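Q: Got protein.txt for you, compact mmCIF, C-alpha atoms and all ligand atoms:
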```
# COMPACT_ATOMS: atom_id res chain seq x y z
CA ASP A 30 4.55 153.33 119.23
CA PHE A 31 1.04 153.32 120.63
CA GLY A 32 1.26 155.80 123.47
CA VAL A 33 0.23 159.41 123.68
CA LYS A 34 2.22 161.80 125.74
CA HIS A 35 0.44 162.98 128.86
CA PRO A 36 0.82 166.72 129.25
CA ASN A 37 1.43 166.59 132.99
CA PHE A 38 3.75 163.70 133.48
CA GLY A 39 5.77 163.42 130.33
CA VAL A 40 5.15 159.70 130.23
CA LYS A 41 3.18 157.81 127.67
CA TYR A 42 -0.37 156.74 128.28
CA ARG A 43 -2.31 153.95 126.63
CA ASP A 44 -6.02 154.44 126.13
CA PHE A 45 -7.72 151.60 127.95
CA GLY A 46 -11.43 151.86 127.15
CA GLY A 47 -11.42 155.54 127.86
CA ILE A 48 -9.26 155.25 131.01
CA PRO A 49 -5.75 156.50 130.46
CA VAL A 50 -3.34 153.89 131.75
CA PRO A 51 0.27 154.98 131.99
CA LEU A 52 2.54 152.71 130.03
CA SER A 53 5.25 151.36 132.22
CA ARG A 54 8.52 152.77 131.10
CA HIS A 55 9.38 149.17 130.19
CA ASP A 56 6.39 148.89 127.92
CA ALA A 57 7.35 152.09 126.24
CA ALA A 58 10.84 150.62 125.87
CA ARG A 59 12.10 154.07 126.61
CA CYS A 60 13.37 153.85 130.13
CA ARG A 61 16.86 153.23 131.38
CA PRO A 62 17.27 151.27 134.60
CA VAL A 63 18.14 153.61 137.45
CA SER A 64 21.36 152.73 139.21
CA HIS A 65 22.04 155.82 141.31
CA ILE A 66 19.90 155.38 144.38
CA VAL A 67 19.53 156.97 147.79
CA PHE A 68 17.30 154.91 150.07
CA LEU A 69 16.74 156.49 153.44
CA LYS A 70 16.28 153.49 155.70
CA THR A 71 14.03 154.50 158.58
CA HIS A 72 13.82 152.35 161.74
CA LYS A 73 11.34 149.48 162.11
CA THR A 74 9.45 150.24 158.93
CA GLY A 75 10.28 147.24 156.73
CA GLY A 76 13.49 148.88 155.51
CA SER A 77 15.61 145.72 155.84
CA SER A 78 13.46 144.03 153.23
CA VAL A 79 14.03 146.99 150.89
CA VAL A 80 17.77 146.85 151.59
CA ASN A 81 17.75 143.17 150.59
CA VAL A 82 16.27 144.18 147.22
CA LEU A 83 18.87 146.89 146.73
CA SER A 84 21.75 144.69 147.89
CA ARG A 85 20.86 141.93 145.43
CA TYR A 86 20.35 144.33 142.55
CA GLY A 87 23.57 146.18 143.25
CA GLU A 88 25.63 143.05 143.84
CA SER A 89 24.41 141.38 140.64
CA ARG A 90 25.29 144.46 138.58
CA GLN A 91 28.50 145.23 140.42
CA LEU A 92 27.31 148.62 141.56
CA ARG A 93 29.29 150.45 144.24
CA PHE A 94 27.70 150.91 147.63
CA ALA A 95 28.40 153.79 149.97
CA LEU A 96 28.89 151.63 153.07
CA PRO A 97 29.24 152.55 156.72
CA GLN A 98 32.35 151.53 158.68
CA ARG A 99 30.19 148.98 160.42
CA TYR A 100 26.44 148.82 159.92
CA GLN A 101 25.18 152.37 160.33
CA PHE A 102 26.53 155.81 159.52
CA ARG A 103 27.43 156.92 163.05
CA TYR A 104 23.78 157.06 163.95
CA PRO A 105 22.29 159.07 165.68
CA GLU A 106 24.67 161.81 164.54
CA PRO A 107 23.60 163.47 161.30
CA PHE A 108 25.12 161.76 158.26
CA ARG A 109 28.56 162.96 157.16
CA ALA A 110 30.25 162.00 153.90
CA GLU A 111 33.38 161.15 155.89
CA SER A 112 31.60 158.23 157.57
CA VAL A 113 31.43 156.36 154.25
CA ARG A 114 34.07 153.65 153.90
CA GLY A 115 36.64 154.62 151.33
CA PHE A 116 35.21 158.12 150.85
CA ARG A 117 37.32 160.41 148.71
CA PRO A 118 36.12 163.95 147.99
CA GLY A 119 34.75 164.20 144.47
CA GLU A 120 34.12 160.46 144.09
CA THR A 121 30.59 159.15 144.15
CA PHE A 122 28.88 155.79 144.67
CA ASP A 123 25.85 154.11 143.09
CA ILE A 124 23.71 153.11 146.07
CA ILE A 125 23.43 154.25 149.66
CA CYS A 126 20.90 152.41 151.82
CA HIS A 127 22.06 151.89 155.42
CA HIS A 128 20.62 153.50 158.53
CA MET A 129 21.49 157.16 158.88
CA ARG A 130 20.10 160.40 160.13
CA PHE A 131 19.55 162.11 156.79
CA SER A 132 21.43 165.24 155.84
CA PRO A 133 20.86 166.27 152.20
CA THR A 134 24.01 168.29 151.65
CA GLU A 135 26.25 165.56 153.06
CA VAL A 136 24.53 162.82 151.06
CA GLN A 137 25.07 164.91 147.93
CA ARG A 138 28.79 164.75 148.58
CA VAL A 139 28.79 160.97 148.07
CA MET A 140 25.97 160.43 145.60
CA PRO A 141 25.60 161.57 141.98
CA ASN A 142 23.30 164.51 141.24
CA ASP A 143 20.93 162.36 139.22
CA SER A 144 20.30 159.93 142.13
CA PHE A 145 16.76 158.79 142.81
CA TYR A 146 15.78 159.40 146.44
CA PHE A 147 13.18 157.27 148.17
CA SER A 148 12.28 156.05 151.62
CA ILE A 149 9.64 154.10 153.56
CA VAL A 150 7.30 155.08 156.39
CA ARG A 151 5.00 153.17 158.72
CA ASP A 152 2.06 154.09 160.92
CA PRO A 153 3.60 155.11 164.27
CA GLY A 154 0.79 153.15 165.92
CA THR A 155 2.57 149.94 164.86
CA GLN A 156 6.10 151.24 164.25
CA GLY A 157 6.20 152.38 167.88
CA ALA A 158 5.33 148.92 169.20
CA SER A 159 7.99 147.34 167.00
CA ALA A 160 10.57 149.91 168.15
CA PHE A 161 9.66 149.41 171.81
CA SER A 162 10.26 145.68 171.51
CA TYR A 163 13.46 145.98 169.46
CA PHE A 164 15.15 148.89 171.21
CA ARG A 165 14.61 147.85 174.81
CA ALA A 166 18.36 148.13 175.39
CA ALA A 167 19.27 150.84 172.87
CA ALA A 168 16.76 153.45 174.03
CA ALA A 169 17.02 154.44 177.69
CA ALA A 170 13.36 155.53 177.79
CA PHE A 171 12.23 152.06 176.72
CA ARG A 172 14.64 150.30 179.06
CA ARG A 173 13.31 152.18 182.06
CA ALA A 174 9.68 151.33 181.32
CA PRO A 175 8.43 147.98 182.58
CA SER A 176 6.05 147.51 179.63
CA LEU A 177 4.68 149.28 176.57
CA ASP A 178 1.47 150.07 178.44
CA ALA A 179 3.41 151.55 181.35
CA PHE A 180 5.45 153.63 178.92
CA LEU A 181 2.41 154.89 177.07
CA ALA A 182 0.52 155.72 180.26
CA ALA A 183 3.15 158.35 181.15
CA PRO A 184 5.92 158.51 178.53
CA ARG A 185 7.44 161.66 180.00
CA ARG A 186 8.23 159.78 183.19
CA PHE A 187 10.69 157.65 181.20
CA PHE A 188 11.75 159.88 178.31
CA GLY A 189 14.28 162.70 178.33
CA PRO A 190 15.09 164.47 175.04
CA GLY A 191 18.84 164.15 175.61
CA GLY A 192 18.70 160.54 176.79
CA ARG A 193 20.42 157.65 175.08
CA GLY A 194 18.51 156.56 171.98
CA ALA A 195 15.97 159.38 172.36
CA GLY A 196 15.68 159.58 168.58
CA LEU A 197 14.42 155.98 168.54
CA ALA A 198 11.88 156.52 171.31
CA ARG A 199 10.03 159.59 170.08
CA ASN A 200 9.21 160.58 166.48
CA PRO A 201 11.91 158.28 165.12
CA GLN A 202 10.89 158.68 161.50
CA TRP A 203 10.96 162.48 161.73
CA PHE A 204 14.38 162.11 163.35
CA ASP A 205 15.69 159.74 160.65
CA PHE A 206 14.64 162.18 157.92
CA GLY A 207 16.83 164.75 159.68
CA LEU A 208 13.93 167.16 160.10
CA PRO A 209 14.26 169.96 162.65
CA GLU A 210 12.01 170.17 165.69
CA PRO A 211 9.35 172.63 164.47
CA ALA A 212 8.85 175.71 166.62
CA ALA A 213 5.11 175.59 165.90
CA ALA A 214 2.71 173.05 164.44
CA ALA A 215 1.96 175.49 161.61
CA GLU A 216 5.48 174.89 160.24
CA VAL A 217 4.94 171.17 159.70
CA PRO A 218 3.15 171.21 156.31
CA ALA A 219 5.87 173.35 154.68
CA LEU A 220 8.63 171.10 156.08
CA LEU A 221 6.88 168.05 154.68
CA ALA A 222 6.22 169.65 151.31
CA ARG A 223 9.93 170.47 151.06
CA LEU A 224 10.85 166.92 152.10
CA GLU A 225 8.62 165.49 149.40
CA ARG A 226 10.48 167.43 146.74
CA ARG A 227 13.63 165.63 147.87
CA PHE A 228 11.88 162.24 148.20
CA PRO A 229 9.49 161.92 145.26
CA LEU A 230 8.56 158.37 146.31
CA VAL A 231 7.97 157.25 149.88
CA LEU A 232 6.82 153.65 150.32
CA LEU A 233 4.27 152.52 152.87
CA ALA A 234 5.08 149.52 155.07
CA GLU A 235 1.35 148.72 155.19
CA ARG A 236 1.26 148.49 151.39
CA PHE A 237 4.61 146.89 150.95
CA ASP A 238 3.92 144.95 147.78
CA GLU A 239 2.14 147.81 146.06
CA SER A 240 5.10 149.96 147.08
CA LEU A 241 7.53 147.55 145.46
CA VAL A 242 5.59 147.65 142.22
CA LEU A 243 5.60 151.46 142.15
CA LEU A 244 9.29 151.41 142.99
CA ARG A 245 10.29 149.01 140.27
CA HIS A 246 8.46 151.06 137.68
CA ARG A 247 10.15 154.24 138.86
CA LEU A 248 13.50 152.47 138.73
CA CYS A 249 12.74 150.72 135.45
CA TRP A 250 13.78 147.41 136.96
CA PRO A 251 12.62 143.94 135.91
CA ARG A 252 9.85 142.26 137.90
CA ALA A 253 12.09 139.69 139.55
CA ALA A 254 14.30 142.45 140.98
CA VAL A 255 11.69 143.22 143.64
CA ASP A 256 11.03 139.63 144.69
CA VAL A 257 11.75 139.66 148.40
CA PHE A 258 10.92 137.93 151.69
CA ALA A 259 9.78 139.89 154.75
CA HIS A 260 12.92 140.35 156.87
CA ASN A 261 13.12 141.15 160.57
CA THR A 262 9.62 140.05 161.49
CA ARG A 263 8.94 139.31 165.16
CA GLY A 264 7.80 135.91 166.29
CA GLY A 265 4.78 135.77 168.58
CA ALA A 266 4.18 139.51 168.86
CA ALA A 267 0.55 140.51 169.23
CA ALA A 268 -0.61 143.46 167.14
CA PRO A 269 -0.89 146.61 169.25
CA THR A 270 -4.38 147.25 170.62
CA ALA A 271 -6.49 150.17 169.42
CA ALA A 272 -5.66 152.05 172.65
CA GLN A 273 -1.91 151.46 172.23
CA ARG A 274 -2.05 152.61 168.62
CA ARG A 275 -3.90 155.77 169.63
CA ARG A 276 -1.37 156.59 172.33
CA LEU A 277 1.59 155.79 170.10
CA ARG A 278 0.28 158.16 167.45
CA ALA A 279 -0.26 160.91 170.03
CA TRP A 280 3.22 160.43 171.55
CA ASN A 281 4.76 160.43 168.07
CA ALA A 282 2.65 163.29 166.72
CA LEU A 283 5.30 164.49 164.26
CA ASP A 284 5.66 160.97 162.88
CA TRP A 285 1.90 160.80 162.54
CA ALA A 286 1.95 164.05 160.52
CA LEU A 287 4.81 162.71 158.39
CA TYR A 288 3.10 159.37 157.88
CA SER A 289 -0.24 160.99 157.02
CA HIS A 290 1.43 163.28 154.51
CA PHE A 291 3.21 160.46 152.68
CA ASN A 292 0.20 158.21 152.94
CA ARG A 293 -1.72 160.79 150.92
CA SER A 294 1.04 161.16 148.34
CA PHE A 295 1.30 157.37 148.08
CA TRP A 296 -2.34 157.11 147.05
CA ARG A 297 -1.83 159.87 144.51
CA HIS A 298 0.96 157.73 143.01
CA VAL A 299 -1.39 154.77 142.99
CA GLN A 300 -4.07 156.74 141.19
CA ARG A 301 -1.64 157.98 138.62
CA PHE A 302 -0.30 154.50 138.04
CA GLY A 303 -3.75 152.91 137.85
CA ALA A 304 -5.14 151.10 140.89
CA ALA A 305 -6.30 148.00 139.01
CA ARG A 306 -3.03 147.60 137.19
CA LEU A 307 -1.14 148.00 140.46
CA GLN A 308 -3.25 145.39 142.23
CA GLU A 309 -2.69 142.98 139.39
CA GLU A 310 1.07 143.29 139.54
CA ALA A 311 1.12 143.20 143.36
CA ALA A 312 -0.93 139.98 143.29
CA GLU A 313 1.53 138.48 140.84
CA LEU A 314 4.41 139.52 143.09
CA ARG A 315 2.74 137.74 146.04
CA ARG A 316 2.19 134.60 143.96
CA ARG A 317 5.83 134.57 142.96
CA ARG A 318 6.87 135.12 146.58
CA ARG A 319 4.80 132.13 147.73
CA ARG A 320 6.44 129.97 145.08
CA LEU A 321 9.89 131.22 146.06
CA GLN A 322 9.23 130.61 149.75
CA GLU A 323 8.12 127.06 149.03
CA ARG A 324 11.06 126.44 146.76
CA CYS A 325 13.76 128.14 148.89
CA LEU A 326 12.80 127.89 152.53
CA ARG A 327 12.49 125.16 155.07
CA GLY A 328 9.00 125.61 156.43
CA ALA A 329 8.19 127.94 153.49
CA GLY A 330 8.47 131.00 155.73
CA PRO A 331 10.32 132.71 158.58
CA VAL A 332 11.66 130.66 161.51
CA PRO A 333 13.41 131.45 164.82
CA ALA A 334 17.19 131.83 164.70
CA ALA A 335 17.63 128.60 166.67
CA ALA A 336 16.11 126.68 163.76
CA ILE A 337 18.66 128.07 161.27
CA ALA A 338 21.69 125.83 160.77
CA GLU A 339 23.82 128.31 158.79
CA PRO A 340 25.23 130.92 161.21
CA ARG A 341 25.30 133.61 158.51
CA LEU A 342 21.59 133.30 157.97
CA ARG A 343 20.72 133.91 161.63
CA PRO A 344 19.38 137.44 162.08
CA PHE A 345 20.78 139.76 164.71
CA GLN A 346 18.93 139.54 168.03
CA PRO A 347 18.93 142.88 169.85
CA PRO A 348 19.76 142.54 173.55
CA GLY A 349 16.74 142.70 175.81
CA ALA A 350 14.26 142.44 172.94
CA GLU A 351 10.78 141.36 173.91
CA HIS A 352 10.30 139.10 170.91
CA ALA A 353 12.75 137.10 168.83
CA VAL A 354 13.55 138.35 165.35
CA LEU A 355 12.87 135.66 162.75
CA GLY A 356 15.04 134.62 159.83
CA PHE A 357 15.10 132.01 157.08
CA ALA A 358 16.51 128.51 156.79
CA LEU A 359 17.26 127.17 153.32
CA ARG A 360 15.64 124.00 152.13
CA PRO A 361 18.27 121.29 152.01
CA GLY A 362 19.28 119.80 148.65
CA LEU A 363 18.83 122.90 146.47
CA PRO A 364 20.93 122.87 143.29
CA PRO A 365 23.87 125.32 143.52
CA ALA A 366 22.45 128.18 141.42
CA GLU A 367 19.19 128.10 143.32
CA ARG A 368 20.95 127.82 146.65
CA ARG A 369 22.85 130.96 145.80
CA ARG A 370 19.75 132.88 144.74
CA CYS A 371 17.68 131.70 147.70
CA GLY A 372 20.61 132.35 150.02
CA ARG A 373 20.86 135.97 148.93
CA MET A 374 17.14 136.45 149.46
CA ALA A 375 17.43 134.91 152.93
CA LEU A 376 20.62 136.70 153.96
CA PRO A 377 20.06 139.16 156.84
CA GLU A 378 21.18 142.72 156.41
CA LEU A 379 24.33 142.63 158.55
CA PRO A 380 26.05 139.67 156.85
CA TYR A 381 24.93 141.04 153.47
CA THR A 382 26.68 144.30 154.35
CA ASP A 383 29.81 142.30 155.22
CA LEU A 384 29.59 140.54 151.88
CA LEU A 385 29.25 143.80 149.93
CA ALA A 386 32.18 145.26 151.85
CA ARG A 387 34.35 142.24 151.02
CA ARG A 388 33.49 142.53 147.35
CA GLN A 389 34.20 146.23 147.30
CA PHE A 390 37.32 146.32 149.40
CA GLY A 391 39.09 143.40 147.92
CA ASN A 392 38.98 140.79 150.68
CA GLY A 393 37.32 138.28 148.41
CA ASN A 394 34.75 138.66 145.66
CA GLY A 395 31.80 137.38 147.63
CA THR A 396 31.72 133.99 145.92
CA GLU A 397 32.97 132.42 149.13
CA TRP A 398 29.48 133.21 150.42
CA ASP A 399 27.72 131.19 147.75
CA ASP A 400 27.81 128.08 149.87
CA PHE A 401 26.03 128.87 153.10
N1 LIG B 501 7.29 143.06 153.62
C1 LIG B 501 6.93 143.64 154.75
N2 LIG B 501 5.70 144.15 154.91
C2 LIG B 501 5.32 144.70 156.06
N3 LIG B 501 6.12 144.79 157.16
C3 LIG B 501 7.34 144.31 157.03
C4 LIG B 501 7.81 143.72 155.85
N4 LIG B 501 9.07 143.34 156.05
C5 LIG B 501 9.36 143.66 157.30
N5 LIG B 501 8.31 144.23 157.91
C6 LIG B 501 8.22 144.68 159.31
O1 LIG B 501 9.09 145.77 159.52
C7 LIG B 501 9.68 145.67 160.81
C8 LIG B 501 11.19 145.59 160.67
O2 LIG B 501 11.60 146.81 160.17
P1 LIG B 501 13.09 147.10 159.71
O3 LIG B 501 13.57 146.04 158.82
O4 LIG B 501 13.08 148.49 159.14
O5 LIG B 501 13.88 147.07 161.10
S1 LIG B 501 15.30 147.72 161.41
O6 LIG B 501 15.10 149.12 161.74
O7 LIG B 501 16.17 147.54 160.26
O8 LIG B 501 15.78 146.95 162.59
C9 LIG B 501 9.10 144.43 161.44
O9 LIG B 501 7.96 144.85 162.19
P2 LIG B 501 7.47 144.09 163.52
O10 LIG B 501 7.25 142.65 163.12
O11 LIG B 501 6.21 144.79 163.90
O12 LIG B 501 8.56 144.25 164.52
C10 LIG B 501 8.70 143.61 160.24
O13 LIG B 501 7.67 142.67 160.52
```
Let me see the structure of the file written as structure tokens.
A:
Amino acid sequence: DFGVKHPNFGVKYRDFGGIPVPLSRHDAARCRPVSHIVFLKTHKTGGSSVVNVLSRYGESRQLRFALPQRYQFRYPEPFRAESVRGFRPGETFDIICHHMRFSPTEVQRVMPNDSFYFSIVRDPGTQGASAFSYFRAAAAAFRRAPSLDAFLAAPRRFFGPGGRGAGLARNPQWFDFGLPEPAAAAEVPALLARLERRFPLVLLAERFDESLVLLRHRLCWPRAAVDVFAHNTRGGAAAPTAAQRRRLRAWNALDWALYSHFNRSFWRHVQRFGAARLQEEAAELRRRRRRLQERCLRGAGPVPAAAIAEPRLRPFQPPGAEHAVLGFALRPGLPPAERRRCGRMALPELPYTDLLARRQFGNGNGTEWDDF
């Protein structure tokens, strides 16, 4: 046992030429894989890719998912334990990870007390552009606006707080976290500090791979558990301009405060973990992903739905969306075990939810999905 206990963190540190490097809980052979997990999936932040990780981990270990009746927990209403399929008071699940508007007391009714809570945030300057494209039908404010530029020039002309999908059109991440509208800006820091106590790890979409490394160490999961492709990317979408990003951040000022807060805590996690060590593992993760993409996928990357032969692998296309959502086509001729593994990595969130529901509620054990 070559570690010394760090007084602040209670984890073991290895002395690396004078720099204390935290031993991963794996290295210390002291950690137990976490299997009680609350992932708050925020909108258009890369959450579907995280849900793919959780779905594969949970399915392979036969963990029980708290699933919605369909694909979301009665969003945009605040989460209620009663919206979980098969909910019985006093019974808990292992993983909850579908879209909801967070409500801590209600989530506690379905999840064990020792659950690990985490989420993901994204710069509203890019999240807002993604949301505008994706929710053109779901959010009345976006539907009314002829273009993103027109919307951003005078958002109040199109937006009404009680309008359909208002939570998606303004400060959607704040909304998803279930935070109250602050009466004054001075209240924001305390609300965020309280939120961080509930969510000790919040991933950054902009540092997705580094986030996955931090996550897998916190969860004490093996490296391969966080191998994942980028789901729900848009084909042919230009990055928002500097002016659009500026306006999106101003329009979504609470999301900007939330994002800035968790951006700072993310970098504190990185520092604590060791930046060099994190970069090394993130680079390895990217190398493995490239290999997996070449091995699994036709075209070695995302393709439009029309190019995907297997209907189950075609991602949902929101009505009225400005840009198509891309998915993955499997390389033909894969041996069965690989086809299964690649298929799970390629499976979009909605059919994966169907699969988990079938396994859990007895209409098949999911093996009928092995052949796509
Ligand atoms: N790995 C990774 N790294 C960085 N960004 C990623 C990643 N995976 C998904 N994405 C981007 O996240 C957007 C989709 O978000 P969600 O999956 O949360 O969408 S949804 O709310 O479930 O519909 C979508 O953003 P846009 O492409 O800007 O629309 C994805 O490209």
Q: Applying 10 Å and only C-alpha atoms, which residues near Leu233 of chain A remain after dropping the ones on its own chain fewer than 6 positions away? List them as a list in words.
A: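 The neighbour list is Thr74, Gly75, Ser148, Ile149, Val150, Arg151, Asp152, Glu239, Ser240, Leu241, Tyr288, Phe291, Asn292, Phe295 and Trp296 of chain A.
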Q: Can you pull out every residue within 10 Å of Arg99 of chain A, counting all atoms listed in the file, but drop anything in the same chain fewer than 2 positions away, and send it as a list in words?
A: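 Surrounding residues, per the criterion: Leu96, Pro97, Gln101, Phe102, Arg103, Ser112, Val113, Arg114, His127, Leu379, Thr382, Asp383 and Ala386 of chain A.
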Q: Show me which residues sit within 6 Å of ligand LIG 501 (chain B) when counting only C-alpha atoms and all ligand atoms, and put them as a PyMOL selection string.
A: chain A and resi 72-78+159+234-235+237+259-263
Q: Would you list the contacts of segment 115-122 of chain A as a ChimeraX atom specification, taking every protein, DNA or RNA residue within 12 Å and counting all atoms listed in the file, but skipping same-chain residues closer than 2 positions in sequence?
A: /A:64-67,87,91-98,109-113,124-126,135-144,386,389-391
Q: Hey, what's within 10 Å of segment 359-373 of chain A if we count all atoms listed in the file and toss same-chain stuff fewer than 3 positions away? As a VMD selection string, please?
A: chain A and resid 81 to 82 84 to 85 88 257 321 to 330 337 to 339 341 to 342 376 to 377 381 396 398 to 401
Q: So which residues touch Pro184 of chain A within 9 Å, counting only C-alpha atoms, skipping near sequence neighbours fewer than 4 positions away, as a PyMOL selection string?
A: chain A and resi 170+174+179-180+188+280
Q: Figure out the distance between atom CA of Pro209 of chain A and atom CA of Phe187 of chain A, please, to one decimal in Å.
A: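 Computing the Euclidean distance for atom CA of Phe187 of chain A and atom CA of Pro209 of chain A yields 22.5 Å.
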Q: Distance atom CA of Met374 of chain A-atom CA of Pro331 of chain A, one decimal place?
A: 12.0 Å
Q: Grab the atom CA of Ala158 of chain A to atom CA of Leu220 of chain A distance for me, in Å with one decimal place.
A: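 These atoms are spaced 26.0 Å apart.
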Q: When distances are computed from only C-alpha atoms, which of A:Gly303, A:Gly154, A:Gly194, A:Pro211 shows the smallest separation from Ala169 of chain A?
A: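 The closest residue to Ala169 of chain A is A:Gly194.
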Q: Name the closest residue to Ser162 of chain A among the candidates A:Ser89, A:Gln346, A:Ser289, A:Thr71; distances are taken between atoms, counting all atoms listed in the file.
A: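 Residue with the minimum atom-to-atom distance to Ser162 of chain A: A:Gln346.
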Q: Looking at all atoms listed in the file, which of A:Arg276, A:Gly191, A:Leu208, A:Tyr146 is the one that sits closest to Phe131 of chain A?
A: A:Leu208
Q: Please complete segment 369-388 of chain A with N, CA and C atoms and give it back as a PDB file, keeping the file's coordinate frame.
A:
```pdb
ATOM      1  N   ARG A 369      22.242 129.629 145.762  1.00  0.00           N
ATOM      2  CA  ARG A 369      22.850 130.960 145.800  1.00  0.00           C
ATOM      3  C   ARG A 369      21.763 132.032 145.794  1.00  0.00           C
ATOM      4  N   ARG A 370      20.811 131.880 144.873  1.00  0.00           N
ATOM      5  CA  ARG A 370      19.750 132.880 144.740  1.00  0.00           C
ATOM      6  C   ARG A 370      18.906 132.933 146.017  1.00  0.00           C
ATOM      7  N   CYS A 371      18.508 131.749 146.484  1.00  0.00           N
ATOM      8  CA  CYS A 371      17.680 131.700 147.700  1.00  0.00           C
ATOM      9  C   CYS A 371      18.470 132.241 148.889  1.00  0.00           C
ATOM     10  N   GLY A 372      19.766 131.903 148.921  1.00  0.00           N
ATOM     11  CA  GLY A 372      20.610 132.350 150.020  1.00  0.00           C
ATOM     12  C   GLY A 372      20.702 133.857 150.091  1.00  0.00           C
ATOM     13  N   ARG A 373      20.798 134.501 148.941  1.00  0.00           N
ATOM     14  CA  ARG A 373      20.860 135.970 148.930  1.00  0.00           C
ATOM     15  C   ARG A 373      19.536 136.569 149.405  1.00  0.00           C
ATOM     16  N   MET A 374      18.445 135.924 149.027  1.00  0.00           N
ATOM     17  CA  MET A 374      17.140 136.450 149.460  1.00  0.00           C
ATOM     18  C   MET A 374      16.939 136.255 150.959  1.00  0.00           C
ATOM     19  N   ALA A 375      17.595 135.233 151.513  1.00  0.00           N
ATOM     20  CA  ALA A 375      17.430 134.910 152.930  1.00  0.00           C
ATOM     21  C   ALA A 375      18.446 135.623 153.811  1.00  0.00           C
ATOM     22  N   LEU A 376      19.494 136.163 153.186  1.00  0.00           N
ATOM     23  CA  LEU A 376      20.620 136.700 153.960  1.00  0.00           C
ATOM     24  C   LEU A 376      20.211 137.959 154.741  1.00  0.00           C
ATOM     25  N   PRO A 377      20.395 137.962 156.072  1.00  0.00           N
ATOM     26  CA  PRO A 377      20.060 139.160 156.840  1.00  0.00           C
ATOM     27  C   PRO A 377      20.944 140.335 156.452  1.00  0.00           C
ATOM     28  N   GLU A 378      20.501 141.504 156.854  1.00  0.00           N
ATOM     29  CA  GLU A 378      21.180 142.720 156.410  1.00  0.00           C
ATOM     30  C   GLU A 378      22.649 142.796 156.838  1.00  0.00           C
ATOM     31  N   LEU A 379      22.948 142.422 158.080  1.00  0.00           N
ATOM     32  CA  LEU A 379      24.330 142.630 158.550  1.00  0.00           C
ATOM     33  C   LEU A 379      25.328 141.755 157.777  1.00  0.00           C
ATOM     34  N   PRO A 380      25.100 140.440 157.662  1.00  0.00           N
ATOM     35  CA  PRO A 380      26.050 139.670 156.850  1.00  0.00           C
ATOM     36  C   PRO A 380      26.056 140.080 155.383  1.00  0.00           C
ATOM     37  N   TYR A 381      24.914 140.578 154.868  1.00  0.00           N
ATOM     38  CA  TYR A 381      24.930 141.040 153.470  1.00  0.00           C
ATOM     39  C   TYR A 381      25.826 142.278 153.356  1.00  0.00           C
ATOM     40  N   THR A 382      25.796 143.119 154.360  1.00  0.00           N
ATOM     41  CA  THR A 382      26.680 144.300 154.350  1.00  0.00           C
ATOM     42  C   THR A 382      28.136 143.853 154.368  1.00  0.00           C
ATOM     43  N   ASP A 383      28.435 142.836 155.189  1.00  0.00           N
ATOM     44  CA  ASP A 383      29.810 142.300 155.220  1.00  0.00           C
ATOM     45  C   ASP A 383      30.212 141.798 153.841  1.00  0.00           C
ATOM     46  N   LEU A 384      29.296 141.099 153.212  1.00  0.00           N
ATOM     47  CA  LEU A 384      29.590 140.540 151.880  1.00  0.00           C
ATOM     48  C   LEU A 384      29.882 141.655 150.875  1.00  0.00           C
ATOM     49  N   LEU A 385      29.037 142.690 150.882  1.00  0.00           N
ATOM     50  CA  LEU A 385      29.250 143.800 149.930  1.00  0.00           C
ATOM     51  C   LEU A 385      30.577 144.482 150.203  1.00  0.00           C
ATOM     52  N   ALA A 386      30.916 144.613 151.496  1.00  0.00           N
ATOM     53  CA  ALA A 386      32.180 145.260 151.850  1.00  0.00           C
ATOM     54  C   ALA A 386      33.353 144.414 151.355  1.00  0.00           C
ATOM     55  N   ARG A 387      33.248 143.103 151.492  1.00  0.00           N
ATOM     56  CA  ARG A 387      34.350 142.240 151.020  1.00  0.00           C
ATOM     57  C   ARG A 387      34.522 142.345 149.523  1.00  0.00           C
ATOM     58  N   ARG A 388      33.392 142.403 148.811  1.00  0.00           N
ATOM     59  CA  ARG A 388      33.490 142.530 147.350  1.00  0.00           C
ATOM     60  C   ARG A 388      34.139 143.847 146.974  1.00  0.00           C
TER      61      ARG A 388
END
```
